[in-house]
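Structure data (compact mmCIF, C-alpha atoms (C1' of nucleotides)) from final-v5.txt:
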```txt
# COMPACT_ATOMS: atom_id res chain seq x y z
CA MET A 649 -12.82 -29.45 7.67
CA ALA A 650 -12.29 -27.23 4.71
CA LYS A 651 -10.33 -29.77 2.86
CA GLU A 652 -7.86 -28.45 0.42
CA LYS A 653 -10.02 -26.91 -2.20
CA PRO A 654 -8.78 -26.48 -5.72
CA PRO A 655 -7.09 -23.10 -5.46
CA LYS A 656 -9.76 -20.70 -6.40
CA GLU A 657 -8.52 -18.63 -9.27
CA ALA A 658 -9.13 -14.94 -9.02
CA SER A 659 -12.69 -16.00 -8.47
CA LYS A 660 -14.56 -14.03 -5.91
CA ARG A 661 -12.14 -11.92 -4.05
CA ARG A 662 -12.94 -9.07 -1.80
CA LYS A 663 -14.59 -6.77 -4.21
CA GLU A 664 -14.11 -8.39 -7.56
CA LYS A 665 -12.47 -5.70 -9.59
CA GLN A 666 -14.57 -5.71 -12.68
CA ARG A 667 -12.47 -5.56 -15.80
CA ALA A 668 -13.62 -4.67 -19.25
CA PRO A 669 -14.13 -7.80 -21.35
CA GLY A 670 -11.10 -7.76 -23.57
CA GLU A 671 -8.90 -5.96 -21.12
CA GLN A 672 -5.68 -7.60 -20.08
CA SER A 673 -5.66 -8.35 -16.40
CA PRO A 674 -3.58 -5.54 -15.02
CA GLU A 675 -3.54 -7.28 -11.68
CA ARG A 676 -1.03 -5.33 -9.73
CA ILE A 677 2.04 -7.31 -8.73
CA THR A 678 3.69 -5.90 -5.65
CA PRO A 679 7.48 -5.80 -5.13
CA ALA A 680 7.44 -8.73 -2.74
CA GLU A 681 5.35 -10.67 -5.17
CA GLN A 682 7.66 -9.82 -8.01
CA THR A 683 10.50 -11.40 -6.12
CA ILE A 684 8.55 -14.63 -6.21
CA MET A 685 7.72 -14.21 -9.85
CA ASP A 686 11.37 -13.73 -10.68
CA VAL A 687 12.08 -17.14 -9.26
CA LEU A 688 9.22 -18.74 -11.10
CA TRP A 689 10.16 -17.09 -14.33
CA GLN A 690 13.58 -18.60 -14.06
CA ARG A 691 12.87 -22.19 -13.23
CA ALA A 692 9.57 -23.37 -14.50
CA PRO A 693 7.13 -25.23 -12.23
CA LEU A 694 8.26 -25.19 -8.64
CA ALA A 695 6.86 -26.30 -5.35
CA ALA A 696 6.56 -23.76 -2.59
CA ALA A 697 9.51 -25.34 -0.87
CA ASP A 698 11.66 -24.85 -3.94
CA VAL A 699 10.82 -21.21 -4.07
CA MET A 700 11.81 -20.90 -0.45
CA THR A 701 15.19 -22.46 -0.97
CA ALA A 702 15.76 -20.38 -4.05
CA LEU A 703 15.26 -17.27 -1.96
CA ARG A 704 16.94 -18.42 1.20
CA THR A 705 20.04 -16.32 0.64
CA GLU A 706 18.47 -13.31 -0.97
CA LYS A 707 15.47 -12.83 1.24
CA ASP A 708 14.97 -13.62 4.86
CA TRP A 709 11.43 -14.84 4.66
CA THR A 710 9.77 -17.50 6.72
CA PRO A 711 8.07 -20.34 4.87
CA THR A 712 4.71 -18.87 5.67
CA THR A 713 5.54 -15.61 4.01
CA VAL A 714 6.51 -17.31 0.79
CA LYS A 715 3.39 -19.39 0.83
CA THR A 716 1.20 -16.38 1.45
CA LEU A 717 2.73 -14.57 -1.47
CA LEU A 718 2.27 -17.57 -3.69
CA SER A 719 -1.36 -17.80 -2.70
CA ARG A 720 -1.93 -14.18 -3.46
CA LEU A 721 -0.34 -14.59 -6.85
CA VAL A 722 -2.64 -17.48 -7.59
CA GLU A 723 -5.60 -15.41 -6.41
CA LYS A 724 -4.54 -12.67 -8.73
CA GLY A 725 -4.45 -15.13 -11.55
CA VAL A 726 -0.87 -14.58 -12.58
CA VAL A 727 0.33 -17.93 -11.30
CA GLU A 728 -1.25 -21.28 -11.90
CA THR A 729 -0.96 -24.51 -9.99
CA ALA A 730 -0.73 -28.16 -10.81
CA ARG A 731 -1.25 -30.89 -8.29
CA ASP A 732 1.75 -33.00 -7.42
CA GLY A 733 0.84 -35.44 -4.71
CA ARG A 734 -0.17 -33.47 -1.70
CA ARG A 735 1.38 -30.28 -2.89
CA PHE A 736 1.19 -27.78 -5.69
CA LEU A 737 3.58 -26.89 -8.40
CA TYR A 738 3.42 -23.26 -9.25
CA SER A 739 4.15 -21.71 -12.62
CA PRO A 740 3.74 -18.24 -14.03
CA ARG A 741 0.75 -17.79 -16.21
CA LEU A 742 1.88 -14.36 -17.25
CA ALA A 743 4.92 -14.32 -19.51
CA ARG A 744 7.76 -12.27 -18.25
CA ALA A 745 8.01 -10.38 -21.53
CA HIS A 746 4.38 -9.39 -21.19
CA TYR A 747 4.90 -8.14 -17.73
CA GLU A 748 7.99 -6.21 -18.71
CA ARG A 749 6.13 -4.59 -21.53
CA SER A 750 3.19 -3.49 -19.52
CA MET A 751 5.38 -2.23 -16.71
CA THR A 752 7.62 -0.38 -19.11
CA HIS A 753 4.74 1.33 -20.78
CA SER A 754 2.98 2.47 -17.71
CA PHE A 755 6.27 3.66 -16.35
CA VAL A 756 7.17 5.67 -19.41
CA ASP A 757 3.67 7.05 -19.51
CA ARG A 758 3.59 8.09 -15.92
CA LEU A 759 6.99 9.65 -15.81
CA PHE A 760 7.77 10.84 -19.29
CA GLY A 761 4.41 11.26 -20.89
CA GLY A 762 5.13 8.36 -23.17
CA ARG A 763 8.33 9.64 -24.69
CA ALA A 764 11.20 7.21 -24.55
CA ALA A 765 14.08 9.46 -25.37
CA PRO A 766 14.22 11.34 -22.07
CA LEU A 767 14.38 8.04 -20.34
CA VAL A 768 17.38 6.89 -22.27
CA ALA A 769 18.98 10.22 -21.68
CA HIS A 770 18.70 9.67 -17.97
CA LEU A 771 20.35 6.32 -18.27
CA ALA A 772 23.12 7.78 -20.34
CA ASP A 773 23.69 10.53 -17.83
CA ALA A 774 24.15 8.07 -15.10
CA GLU A 775 26.65 6.12 -17.11
CA ARG A 776 24.31 3.29 -16.75
CA LEU A 777 24.94 2.13 -20.26
CA THR A 778 27.70 -0.33 -20.87
CA ASP A 779 29.57 -0.43 -24.13
CA GLU A 780 27.54 -3.45 -24.97
CA ASP A 781 24.34 -1.58 -24.32
CA ILE A 782 25.46 1.13 -26.63
CA ALA A 783 26.30 -1.29 -29.36
CA GLU A 784 23.02 -3.04 -28.88
CA LEU A 785 21.09 0.16 -28.99
CA ASP A 786 22.97 1.19 -32.05
CA ALA A 787 21.97 -1.96 -33.86
CA LEU A 788 18.43 -1.59 -32.65
CA LEU A 789 18.21 1.93 -33.93
CA GLU A 790 19.63 0.96 -37.26
CA GLU A 791 16.94 -1.62 -37.57
CA LEU A 792 14.26 0.81 -36.59
CA LYS A 793 15.41 3.37 -39.06
CA ASN A 794 15.13 0.81 -41.78
CA ASP A 795 11.69 -0.29 -40.74
CA ARG A 796 10.50 3.23 -40.93
CA ARG A 797 11.68 3.75 -44.45
CA MET B 161 -6.79 24.98 20.22
CA ALA B 162 -3.89 23.50 18.43
CA LYS B 163 -3.13 26.64 16.60
CA GLU B 164 -1.61 26.23 13.23
CA LYS B 165 1.83 25.00 13.95
CA PRO B 166 4.65 25.52 11.54
CA PRO B 167 4.29 22.49 9.34
CA LYS B 168 6.47 19.93 10.93
CA GLU B 169 8.96 18.76 8.37
CA ALA B 170 9.50 15.04 8.24
CA SER B 171 10.26 15.50 11.89
CA LYS B 172 8.91 12.84 14.14
CA ARG B 173 6.48 10.79 12.22
CA ARG B 174 5.11 7.47 13.17
CA LYS B 175 8.29 5.54 13.33
CA GLU B 176 10.93 7.81 11.93
CA LYS B 177 12.46 5.80 9.18
CA GLN B 178 16.14 6.01 9.99
CA ARG B 179 18.21 6.64 6.90
CA ALA B 180 21.92 6.17 6.54
CA PRO B 181 23.75 9.49 6.84
CA GLY B 182 24.63 10.23 3.26
CA GLU B 183 21.75 8.37 1.81
CA GLN B 184 19.44 10.19 -0.52
CA SER B 185 15.98 10.47 0.93
CA PRO B 186 14.16 7.77 -0.99
CA GLU B 187 10.90 8.90 0.53
CA ARG B 188 8.42 7.01 -1.48
CA ILE B 189 6.03 9.12 -3.51
CA THR B 190 2.79 7.35 -4.22
CA PRO B 191 0.88 7.70 -7.50
CA ALA B 192 -1.70 10.01 -6.01
CA GLU B 193 1.04 12.09 -4.54
CA GLN B 194 2.87 12.20 -7.82
CA THR B 195 -0.19 13.74 -9.41
CA ILE B 196 0.19 16.60 -6.99
CA MET B 197 3.90 16.83 -7.61
CA ASP B 198 3.31 17.07 -11.32
CA VAL B 199 1.25 20.17 -10.76
CA LEU B 200 3.80 21.70 -8.46
CA TRP B 201 6.61 20.91 -10.82
CA GLN B 202 4.84 22.79 -13.52
CA ARG B 203 3.83 25.98 -11.82
CA ALA B 204 6.13 26.94 -9.01
CA PRO B 205 4.70 27.91 -5.59
CA LEU B 206 1.01 27.29 -5.36
CA ALA B 207 -1.62 27.48 -2.68
CA ALA B 208 -3.66 24.39 -1.96
CA ALA B 209 -6.60 25.99 -3.69
CA ASP B 210 -4.56 26.48 -6.84
CA VAL B 211 -3.59 22.85 -6.90
CA MET B 212 -7.23 21.93 -6.59
CA THR B 213 -8.29 24.03 -9.51
CA ALA B 214 -5.40 22.74 -11.56
CA LEU B 215 -6.66 19.22 -11.01
CA ARG B 216 -10.35 19.87 -11.15
CA THR B 217 -10.72 18.46 -14.64
CA GLU B 218 -8.23 15.64 -14.45
CA LYS B 219 -9.02 14.28 -11.03
CA ASP B 220 -12.24 14.22 -9.14
CA TRP B 221 -10.86 14.94 -5.74
CA THR B 222 -12.45 16.85 -2.93
CA PRO B 223 -10.54 19.74 -1.43
CA THR B 224 -9.79 17.68 1.61
CA THR B 225 -8.12 15.01 -0.42
CA VAL B 226 -5.80 17.45 -2.09
CA LYS B 227 -4.91 18.99 1.23
CA THR B 228 -4.22 15.63 2.79
CA LEU B 229 -1.90 14.72 -0.03
CA LEU B 230 -0.12 18.04 0.25
CA SER B 231 0.35 17.51 3.96
CA ARG B 232 1.79 14.08 3.42
CA LEU B 233 4.21 15.42 0.87
CA VAL B 234 5.34 18.04 3.33
CA GLU B 235 5.69 15.38 5.98
CA LYS B 236 7.81 13.37 3.63
CA GLY B 237 10.01 16.36 3.09
CA VAL B 238 9.63 16.56 -0.67
CA VAL B 239 7.52 19.70 -0.60
CA GLU B 240 8.21 22.84 1.32
CA THR B 241 5.89 25.60 2.43
CA ALA B 242 6.05 29.34 2.71
CA ARG B 243 3.56 31.38 4.64
CA ASP B 244 1.33 33.67 2.67
CA GLY B 245 -1.11 35.32 4.96
CA ARG B 246 -3.22 32.68 6.55
CA ARG B 247 -2.31 30.03 4.04
CA PHE B 248 0.68 28.19 2.68
CA LEU B 249 2.37 28.23 -0.64
CA TYR B 250 3.71 24.84 -1.58
CA SER B 251 6.72 24.16 -3.75
CA PRO B 252 8.65 21.04 -4.62
CA ARG B 253 11.86 20.64 -2.74
CA LEU B 254 12.86 17.71 -4.87
CA ALA B 255 13.78 18.55 -8.44
CA ARG B 256 11.82 16.71 -11.03
CA ALA B 257 14.97 15.60 -12.80
CA HIS B 258 16.23 14.07 -9.59
CA TYR B 259 13.03 12.21 -9.12
CA GLU B 260 13.02 10.98 -12.68
CA ARG B 261 16.53 9.74 -12.32
CA SER B 262 15.98 7.85 -9.14
CA MET B 263 12.75 6.34 -10.42
CA THR B 264 14.36 5.36 -13.68
CA HIS B 265 17.23 3.67 -11.98
CA SER B 266 15.24 1.68 -9.54
CA PHE B 267 12.90 0.71 -12.33
CA VAL B 268 15.64 -0.50 -14.62
CA ASP B 269 17.26 -2.30 -11.73
CA ARG B 270 14.12 -4.02 -10.62
CA LEU B 271 12.96 -5.11 -13.99
CA PHE B 272 16.00 -5.46 -16.16
CA GLY B 273 18.80 -6.01 -13.73
CA GLY B 274 20.22 -2.64 -14.61
CA ARG B 275 20.55 -3.15 -18.34
CA ALA B 276 18.97 -0.44 -20.40
CA ALA B 277 18.93 -2.05 -23.79
CA PRO B 278 16.12 -4.53 -23.13
CA LEU B 279 14.02 -1.64 -22.00
CA VAL B 280 14.48 0.28 -25.18
CA ALA B 281 13.81 -2.87 -27.12
CA HIS B 282 10.43 -3.09 -25.46
CA LEU B 283 9.61 0.43 -26.39
CA ALA B 284 10.64 -0.20 -29.93
CA ASP B 285 8.49 -3.28 -30.11
CA ALA B 286 5.48 -1.37 -29.12
CA GLU B 287 6.13 1.25 -31.70
CA ARG B 288 6.33 3.60 -28.87
CA LEU B 289 9.13 5.49 -30.50
CA THR B 290 8.30 8.35 -32.78
CA ASP B 291 10.59 9.29 -35.61
CA GLU B 292 11.72 12.15 -33.48
CA ASP B 293 12.56 9.80 -30.68
CA ILE B 294 14.63 7.75 -33.00
CA ALA B 295 16.48 10.74 -34.28
CA GLU B 296 17.05 11.93 -30.77
CA LEU B 297 18.31 8.59 -29.65
CA ASP B 298 20.54 8.41 -32.66
CA ALA B 299 22.16 11.69 -31.77
CA LEU B 300 22.43 10.65 -28.18
CA LEU B 301 24.16 7.45 -29.11
CA GLU B 302 26.55 9.21 -31.41
CA GLU B 303 27.50 11.42 -28.54
CA LEU B 304 27.94 8.51 -26.23
CA LYS B 305 30.10 6.63 -28.65
CA ASN B 306 32.39 9.61 -28.87
CA ASP B 307 32.60 10.05 -25.14
CA ARG B 308 33.66 6.49 -24.77
CA ARG B 309 36.53 6.80 -27.19
C1' DA C 1339 -16.35 45.65 15.11
C1' DG C 1340 -18.32 41.47 13.51
C1' DC C 1341 -19.29 37.77 10.29
C1' DC C 1342 -18.18 34.39 7.25
C1' DA C 1343 -15.57 31.98 3.88
C1' DT C 1344 -11.25 29.76 3.57
C1' DT C 1345 -7.34 27.24 5.45
C1' DG C 1346 -4.73 23.80 7.76
C1' DA C 1347 -4.93 20.13 11.57
C1' DC C 1348 -6.80 16.10 13.01
C1' DT C 1349 -9.53 11.93 12.58
C1' DA C 1350 -11.40 8.20 10.04
C1' DC C 1351 -11.91 4.14 7.44
C1' DA C 1352 -11.63 0.63 4.04
C1' DA C 1353 -8.28 -1.67 1.04
C1' DT C 1354 -3.80 -3.30 0.25
C1' DC C 1355 0.75 -4.93 1.57
C1' DG C 1356 4.51 -7.18 4.16
C1' DT C 1357 5.05 -10.62 7.56
C1' DC C 1358 4.02 -14.35 10.13
C1' DA C 1359 1.60 -17.92 13.45
C1' DT C 1360 -1.58 -21.56 13.89
C1' DC C 1361 -4.09 -25.49 12.41
C1' DG C 1362 -6.11 -29.37 10.25
C1' DA C 1363 -5.13 -32.64 6.55
C1' DT C 1364 -2.04 -35.94 4.47
C1' DG C 1365 1.36 -38.93 2.57
C1' DC C 1366 6.04 -41.14 3.43
C1' DG C 1367 9.29 -43.65 6.00
C1' DA C 1368 10.24 -46.58 10.01
C1' DT D 321 0.32 -49.07 10.34
C1' DC D 322 1.47 -44.95 12.80
C1' DG D 323 3.68 -40.78 13.82
C1' DC D 324 5.68 -36.98 12.10
C1' DA D 325 7.14 -33.70 8.94
C1' DT D 326 5.14 -30.93 5.47
C1' DC D 327 1.57 -28.70 2.87
C1' DG D 328 -2.06 -25.39 1.98
C1' DA D 329 -5.82 -22.59 4.25
C1' DT D 330 -7.00 -19.11 7.22
C1' DG D 331 -6.51 -15.40 10.29
C1' DA D 332 -4.05 -11.71 11.95
C1' DC D 333 -1.62 -7.37 12.73
C1' DG D 334 0.71 -3.08 11.87
C1' DA D 335 1.82 0.17 8.16
C1' DT D 336 0.63 2.55 4.08
C1' DT D 337 -2.51 4.47 0.72
C1' DG D 338 -6.65 6.65 -1.29
C1' DT D 339 -10.28 9.31 -0.11
C1' DA D 340 -12.86 12.29 2.74
C1' DG D 341 -15.46 14.61 7.01
C1' DT D 342 -15.13 17.85 10.82
C1' DC D 343 -13.47 21.65 13.31
C1' DA D 344 -11.14 25.49 15.18
C1' DA D 345 -8.49 29.50 13.78
C1' DT D 346 -8.04 33.47 11.01
C1' DG D 347 -8.10 37.25 8.03
C1' DG D 348 -10.61 40.15 4.68
C1' DC D 349 -14.91 42.48 3.72
C1' DT D 350 -18.88 45.04 5.14
```
For this file, produce the structure as structure tokens.
Amino acid sequence: MAKEKPPKEASKRRKEKQRAPGEQSPERITPAEQTIMDVLWQRAPLAAADVMTALRTEKDWTPTTVKTLLSRLVEKGVVETARDGRRFLYSPRLARAHYERSMTHSFVDRLFGGRAAPLVAHLADAERLTDEDIAELDALLEELKNDRR
Amino acid sequence: MAKEKPPKEASKRRKEKQRAPGEQSPERITPAEQTIMDVLWQRAPLAAADVMTALRTEKDWTPTTVKTLLSRLVEKGVVETARDGRRFLYSPRLARAHYERSMTHSFVDRLFGGRAAPLVAHLADAERLTDEDIAELDALLEELKNDRR
DNA sequence: AGCCATTGACTACAATCGTCATCGATGCGA
DNA sequence: TCGCATCGATGACGATTGTAGTCAATGGCT
């Protein structure tokens, strides 16, 4: 019974979180899920098995765990599937850059009230910035200063 | 019965999360809990009632909710209490700067593999940087460049 | 001295998360 | 063609989180 249905997009989950029309799906991606996303963001469409092998060293997950996480990501609408014989190929539907941006913003908002400088200061304190970083930031700032003029 | 016991520090909770000896207590602070912390970080020792009033506008929490969150924070060891008559005065035991640092680091690690520059780039993209920020960053960078020499 | 408002302790409960086992369907190789 | 390895679906279970009710103790006010 219940033959493999087309994976039901974030259709009718538990308590369908109603989002405002234009609003960008802020579907929360959990840490475990992000691990999966990182793999998918690296190598485009992958079968579940590929994801497993990719993580074999890093994580100690059973196949089931990986598959569950993939399913949840599909449910959440951040991963899409394409049939490939009897299996699925999974690919991110959410661009990594997008994700980074939204994460970065909410983070800076939550912790620093939106101001970026204190954040960078923390990184500097911790000597977390490589010479390269500094150079890069320098260039970036130069550019910004020009744009503002 | 069960007369008010001295609040039991992160003593023997559910399944005492064993931490390595030197390791910094990475007791996870949840968003709701952070809301409380923000209040405590602003005005030093406060009674539960004070925290409630402080949040009355911002959050729509019942007294019980606030008290539960305070208890959990005490359990987690990030808030300490001092008796004041029949009630407690709560104060952060974890400095805000510490918290910011640890959050920042794990964030940058998780999302950008430790590199800070991409993060700042995101903020710049979003025009999240005020002129002041830019000036501040500029100064900061100048300083850093000198230190490195 | 006695009452009552306030306080912390305990309990609860649904939703989410991290993990995983089981199972029925299915396509490939022998 | 047949069996088996593999795939996705489903269910599950403990822990955590957000939110809140109840209750017994207690201390200040009358």
message: Distance cut-off 8 Å, counting all atoms listed in the file - which residues of chain B neighbour chain A? Return them as an MDAnalysis selection string.
response: chainID B and resid 260:261 264:265 271 274:277 279:284 288:289 293:294 296:298 300:301 304:305
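Nearest-residue note for DA335 (chain D): choosing from C:DC1355, C:DC1366, C:DC1341, C:DA1347, the minimum distance belongs to C:DC1355, counting all atoms listed in the file.
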- prompt: Which chain C residues are at most 8 Å from chain A (counting only C-alpha atoms (C1' of nucleotides)), as a VMD selection string?
  reply: chain C and resid 1355 to 1358 1362 to 1365
Produce a file of the selected residues containing C-alpha atoms (C1' of nucleotides), as a PDB file, keeping the file's coordinate frame.
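Result went into out00.pdb, see below:
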```pdb
ATOM      1  C1'  DC C1355       0.750  -4.930   1.570  1.00  0.00           C
ATOM      2  C1'  DG C1356       4.510  -7.180   4.160  1.00  0.00           C
ATOM      3  C1'  DT C1357       5.050 -10.620   7.560  1.00  0.00           C
ATOM      4  C1'  DC C1358       4.020 -14.350  10.130  1.00  0.00           C
ATOM      5  C1'  DG C1362      -6.110 -29.370  10.250  1.00  0.00           C
ATOM      6  C1'  DA C1363      -5.130 -32.640   6.550  1.00  0.00           C
ATOM      7  C1'  DT C1364      -2.040 -35.940   4.470  1.00  0.00           C
ATOM      8  C1'  DG C1365       1.360 -38.930   2.570  1.00  0.00           C
TER       9       DG C1365
END
```
Using all atoms listed in the file, find each residue of chain D with at least one atom at most 9 Å away from an atom of chain A; report its shortest atom-to-atom pair and that distance in Å (one decimal), sort the rows by chain and rising residue number, and return the result as CSV.
```
residue,atom,partner,partner_atom,distance
D:DC327,C1',A:Arg735,CA,6.0
D:DG328,C1',A:Glu652,CA,6.7
D:DA329,C1',A:Glu652,CA,7.3
```
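Separating CA of Ala214 (chain B) from C1' of DT1354 (chain C) is a distance of 28.6 Å.
C1' of DG338 (chain D) is positioned 8.8 Å from C1' of DA1353 (chain C).
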